[in-house]
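Working notes, beginning with the structure itself.
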Amino acid sequence: MTTDNRGTEKGRSPERRPLEEGGARSLIFKVLFRTLPLLLAAALLLMLLTWHFTRRDLLAEIDTDVGVFATVTCRVLDGLLWNYQTEEMVSALASISSHSAMLGAEIYDEDGKLFLSYGLTPSDHVDGILTVWRDIYRRQPDGSRTDMGRLAIHYTHAFAEERLKLDLLRHMGLITFIILFTLAVAAYVFNKTVNRPLKVLRDSIRTTAETGRPTEAEWRSDDEIGEVIQAHNDMLGRLADRDAVLADSEQRYRQLFENALVGIYMTNSNGIILEANRTMADILGYESLDTLPKIDVLSHYINPDDRVRLWTTLREHGEISRFRTRLRKVDGGIIWTELSGRLNPDSTFNGILQDITDQVAAERAMEERDELYRAFFEENKAAMILHDPLDLSIQFANPAACRFYGYSNEEMTTMTMREVDCMTDAQVYLELKEAAKERRNYFKHVHTLKDGTRRHVEVFTGPVSLGRRQLHYSIVHDVTDKRRLEARLQRMATRDQLTGSYNRHAFFHRAKNELARARRFSHPLSVLMCDLDYFKEINDTYGHAVGDEVLRAFALRCRADFRQNDVFARLGGEEFAALLVETDAEQAMAVAERIRAMAEAMVIPSEAGDLTVTVSIGVAALNGEDSIKDLLKRADEALYEAKKAGRNAVAGR
């Protein structure tokens with residue numbers, strides 16, 4: 001026997017090396033082990049860089065917010081500290097709770113002594129506490145500055161840093177899971193779609209080599225590997241019976257060609273149709289297939305430049321895919337078509353033509369619907385949110401909602417409604433009941449923005465179907481200014497503008513409710529009538545401005561002395577009244593004596609110098625079926641007796 005140049009004996013099959021088991025699997029594992037560390041390292045580096053810059057910006061933003069808050073608060077506290085309005089100062093400091101970083105505040109007088117403290121301070125030994133100092137001063141009419149004390153705002157970065165750390169860990173875990181899951185799916189898909197058919201093909205080749213009988217690979221799929229396996233099986237068939245395979249192949253080709261649901265044709269470089277199937281004739285409107293060949297397709301183009309662009313692309317790339325153009329049918333009708341094909345070496349062109357007129361119409365309808373959606377949802381100035389009622393996850397948010405809440409669209413769609421609604425479940429439940437009771441078509445909520453600001457909103461919510469999903473569609477209106485105005489009007493309607501005490505109308509309204517409750521449960525109730533002694537002389541001697549300062553100082557001290565449930569009001573001029581709940585006559589007399597002593601010892605600083613004032617008090621306790629007018633009448637009579645006894649006295653009836 002002779003051998004060829006490869007050293008293989010002629011007439012004998014070349015030696016075949018055994019195929020390695022699991023070769024494809026080892027390949028995918030190599031890819032995974034080389035790719036996974038790089039992906040994890042890149043993801044970790046990106047997250048650390050993002051976390052670093054986010055932390056720096058967030059801490060700087062907190063420092064700026066606290067400094068601005070301290071400056072603005074000083075502008076409010078100067079008048080309150082000037083007038084010793086302690087309750088209003090506490091209310092002003094309570095607004096620090098709107099910012100999660102601020103812990104507490106302290107007010108020091110001009111001598112550096114602590115005057116008022118609120119929340120957590122350095123004395124509470126909080127780790128990482130920071131302090132911003134601001135001077136509290138008052139500008140006098142002549143332009144001079146009167147220092148009144150200092151304001152200290154205590155805050156911390158700990159909460160922001162803890163949240164950033166938790167976000168970093170959560171994102172690291174999520175990205176790691178996504179990478180691992182993606183690679184696992186890739187490995188699984190690779191094994192299912194590549195490794196298994198290759199193993200079938202390998203076994204077929206090995207069986208054919210060992211037995212000498214053509215053995216087809218039993219695998220069917222519509223991908224490239226399936227085409228390779230089918231080509232292998234076809235090759236084996238042709239080797240077994242070449243003529244039969246050629247005949248059968250020709251028959252199948254003709255069936256596919258003639259019965260295809262798309263137009264299949266071949267043209268020369270001049271655009272003359274050389275061959276075409278029946279579907280091609282139907283698309284162009286020819287009654288007979290015999291009349292279609294020798295037709296110049298250029299006559300069917302609505303825009304002849306389309307054919308120039310088609311052949312320019314073919315000459316550059318050798319093929320064309322999904323090329324859209326409008327064609328004119330034989331009867332004059334115009335259709336949209338999509339063309340794909342390849343240029344042959346002999347400059348002929350094999351193409352596939354589809355009538356997509358209905359598809360183009362549907363796409364245009366879809367574009368119009370998308371435009372309507374953008375006009376209604378995306379371009380609407382009102383904040384709109386779509387969320388899942390089962391888990392409250394936000395599915396969609398329009399740009400107006402992103403601007404209102406301060407989040408990007410990507411951030412919004414990873415959040416839930418619980419993260420923007422700062423109301424508790426109990427508060428939400430009560431609001432639902434209240435809305436149903438009032439037959440309102442909206443709900444009152446308090447939402448938190450990205451910067452921590454809380455806003456009062458009215459939410460109009462209704463169900464909407466998106467495919468098979470049932471979502472809730474909400475329109476959010478910011479009504480914070482409206483709520484603040486309502487609160488201000490409510491205060492103006494119930495409070496005396498000079499002293500901050502309840503006015504006459506509010507006193508009688510509260511007194512009516514307390515009287516009804518006292519009668520229902522048989523509880524004691526008392527009334528004090530207070531009148532500043534010789535107040536007219538103060539006005540006549542020092543002026544009404546000093547008189548107003550005396551009234552404010554007296555009312556502020558009384559409000560600080562009474563309990564929260566007691567009702568203290570200015571009825572007019574220098575006359576005040578106090579309704580003491582759960583208080584009998586003896587206890588009321590003790591309270592009145594305490595108020596009298598407090599007024600006598602109180603020194604009131606004013607422009608005219610330090611002043612003192614005394615008060616006469618009449619006391620009346622609930623007796624039988626007394627009305628509020630009866631109680632006030634008896635207290636007024638007791639007040640008259642106290643004045644008659646020489647003033648600066650307490651009398652009861």
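Order determines the names: the first chain of the structure tokens is A, the second B, and so forth; residues in each chain are numbered 1 upward, and ligands are numbered 1 upward as they are shown.
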
Looking only at strand (DSSP E) from DSSP on the backbone, list the matching residues of region 427-484 of chain A as a PyMOL selection string. chain A and resi 443-448+454-466+469-478

Show which residues sit within 8 Å of Leu632 (chain A), as a ChimeraX atom specification. Count only C-alpha atoms, and ignore same-chain residues fewer than 5 positions away. /A:527,529,620

Extract, using only C-alpha atoms, all DNA, RNA and protein residues at most 10 Å from Tyr502 (chain A), discarding same-chain residues fewer than 3 positions from it, and format them as a compact mmCIF listing (two decimals) with C-alpha atoms, in the first residue's frame.
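Final file, selection-v1.txt:
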```txt
# COMPACT_ATOMS: atom_id res chain seq x y z
CA ARG A 491 -54.82 80.26 64.80
CA MET A 492 -55.99 83.74 63.87
CA ALA A 493 -59.59 82.67 64.50
CA THR A 494 -58.91 81.17 67.92
CA ARG A 495 -55.97 83.14 69.35
CA ASP A 496 -55.60 86.66 70.70
CA GLN A 497 -53.12 88.39 68.42
CA THR A 499 -50.90 87.72 73.90
CA HIS A 505 -64.88 83.10 70.95
CA ALA A 506 -62.49 80.16 71.33
CA PHE A 507 -62.82 80.31 75.13
CA PHE A 508 -66.60 79.94 75.05
CA ARG A 510 -63.88 75.15 74.51
CA VAL A 567 -58.18 76.96 78.82
CA PHE A 568 -56.61 80.40 79.33
CA ALA A 569 -58.07 83.31 77.34
CA ARG A 570 -58.08 87.08 77.10
CA LEU A 571 -61.67 88.27 77.21
CA PHE A 576 -58.39 87.30 81.45
CA ALA A 577 -60.25 84.08 82.22
CA ALA A 578 -59.08 80.53 82.90
```

Excluding Ala585 (chain A) and any residue of its chain fewer than 3 positions from it, enumerate the residues within 7 Å of it, using only C-alpha atoms, and give them as a compact mmCIF listing (two decimals) with N, CA, C and O atoms, in the first residue's frame.
```txt
# COMPACT_ATOMS: atom_id res chain seq x y z
N SER A 526 -63.79 74.54 87.36
CA SER A 526 -63.72 75.86 87.99
C SER A 526 -63.31 76.90 86.96
O SER A 526 -62.70 76.58 85.93
N ALA A 588 -58.93 75.28 92.94
CA ALA A 588 -58.95 76.50 92.13
C ALA A 588 -58.45 77.69 92.93
O ALA A 588 -57.73 78.57 92.40
N MET A 589 -58.81 77.76 94.21
CA MET A 589 -58.33 78.86 95.05
C MET A 589 -56.80 78.80 95.17
O MET A 589 -56.12 79.83 95.14
N ALA A 620 -64.78 80.74 90.80
CA ALA A 620 -66.12 80.14 90.90
C ALA A 620 -66.01 78.69 90.47
O ALA A 620 -65.38 78.39 89.45
N ALA A 621 -66.65 77.77 91.21
CA ALA A 621 -66.63 76.35 90.89
C ALA A 621 -68.00 75.93 90.40
O ALA A 621 -69.03 76.52 90.77
```

Spatial neighbours of region 423-434 of chain A, max dist 8 Å, only C-alpha atoms, sep filter under 2 positions, as a ChimeraX atom specification: /A:421,436-438,443-447

Would you export the selected residues with C-alpha atoms as a tab-separated table (two decimals), in the first residue's frame, please?
```tsv
chain	number	residue	atom	x	y	z
A	421	ASP	CA	-45.55	58.28	52.42
A	436	ALA	CA	-65.27	57.63	52.89
A	437	LYS	CA	-67.20	59.47	55.60
A	438	GLU	CA	-66.77	62.84	53.88
A	443	PHE	CA	-56.93	61.26	50.16
A	444	LYS	CA	-54.86	63.51	52.40
A	445	HIS	CA	-51.30	62.27	52.90
A	446	VAL	CA	-47.90	63.57	53.98
A	447	HIS	CA	-45.13	62.62	51.57
```

Expressed in Å to a single decimal, how great is the separation between CA of Ser321 (chain A) and CA of Trp336 (chain A)?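 One can read the CA of Ser321 (chain A) to CA of Trp336 (chain A) distance as 15.2 Å.
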
Can you build me a table of region 160-194 of chain A residues sitting at most 12 Å from region 97-116 of chain A, with the closest atom pair per residue and its distance in Å to one decimal, using only C-alpha atoms, sorted by chain and residue number, as CSV?
```
residue,atom,partner,partner_atom,distance
A:Ala160,CA,A:Ala101,CA,7.2
A:Glu161,CA,A:Ala101,CA,10.3
A:Glu162,CA,A:Ala101,CA,11.5
A:Arg163,CA,A:Ser100,CA,11.3
```

Go ahead and save the picked residues with all heavy atoms, as a compact mmCIF listing (two decimals), in the first residue's frame.
```txt
# COMPACT_ATOMS: atom_id res chain seq x y z
N ALA A 160 -26.96 59.39 58.08
CA ALA A 160 -26.72 59.40 56.64
C ALA A 160 -25.67 58.36 56.26
O ALA A 160 -25.82 57.64 55.27
CB ALA A 160 -26.28 60.79 56.20
N GLU A 161 -24.57 58.29 57.07
CA GLU A 161 -23.53 57.31 56.74
C GLU A 161 -24.04 55.88 56.91
O GLU A 161 -23.68 54.99 56.12
CB GLU A 161 -22.31 57.55 57.63
CG GLU A 161 -21.60 58.86 57.32
CD GLU A 161 -20.30 59.02 58.12
OE1 GLU A 161 -20.23 58.47 59.24
OE2 GLU A 161 -19.40 59.66 57.60
N GLU A 162 -24.86 55.65 57.91
CA GLU A 162 -25.40 54.30 58.10
C GLU A 162 -26.29 53.91 56.93
O GLU A 162 -26.24 52.79 56.43
CB GLU A 162 -26.20 54.25 59.42
CG GLU A 162 -26.71 52.86 59.79
CD GLU A 162 -25.59 51.90 60.11
OE1 GLU A 162 -24.48 52.35 60.46
OE2 GLU A 162 -25.81 50.68 59.98
N ARG A 163 -27.10 54.87 56.49
CA ARG A 163 -27.96 54.58 55.35
C ARG A 163 -27.15 54.31 54.09
O ARG A 163 -27.46 53.41 53.30
CB ARG A 163 -28.91 55.76 55.11
CG ARG A 163 -29.95 55.52 54.03
CD ARG A 163 -30.83 56.73 53.83
NE ARG A 163 -30.03 57.84 53.33
CZ ARG A 163 -30.49 59.08 53.19
NH1 ARG A 163 -31.73 59.37 53.51
NH2 ARG A 163 -29.71 60.04 52.71
```

Residues at most 12 Å from region 543-546 of chain A, counting only C-alpha atoms, excluding those fewer than 2 positions away in the same chain, as an MDAnalysis selection string? chainID A and resid 498 535:541 548:553 573:574 604:612

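Using only C-alpha atoms for every distance, the candidate list A:Val297, A:Glu218, A:Leu343, A:Asp561 yields A:Leu343 as the residue closest to Glu316 (chain A).
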
Report as an NGL selection string: the residues of region 478-635 of chain A with a DSSP assignment of helix (DSSP H, G or I), based on the backbone of this structure. :A and (480-494 or 504-521 or 535-542 or 544-561 or 585-601 or 628-635)

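Shortest separation to Leu40 (chain A) among A:Leu183, A:Ala361, A:Met148, A:Cys402 occurs at residue A:Leu183, atoms counted being only C-alpha atoms.
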
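Of the listed residues A:Thr453, A:Gln359, A:Leu515, A:Trp51, the one whose atoms come nearest to Asp65 (chain A) is A:Thr453, with distances taken using only C-alpha atoms.
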
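Comparing the minimum interatomic distances between Ile136 (chain A) and each of A:Arg75, A:His509, A:His317, A:Arg202, counting only C-alpha atoms, we find that A:Arg75 sits nearest.
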
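Note that CA of Ala92 (chain A) and CA of Val68 (chain A) are 14.5 Å apart.
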
Separation of CA of Val591 (chain A) from CA of Arg563 (chain A), in Å and rounded to one decimal: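 Straight-line distance from CA of Val591 (chain A) to CA of Arg563 (chain A) works out to 10.8 Å.
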
For Leu81 (chain A), which of A:Phe53, A:Tyr137, A:Tyr118, A:Tyr155 is the closest residue, counting only C-alpha atoms?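 Nearest candidate to Leu81 (chain A) out of A:Phe53, A:Tyr137, A:Tyr118, A:Tyr155: A:Tyr137.
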
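Nearest to Thr279 (chain A) of all the residues A:Leu236, A:Ala152, A:Ala555, A:Ile352 is A:Ile352, counting only C-alpha atoms.
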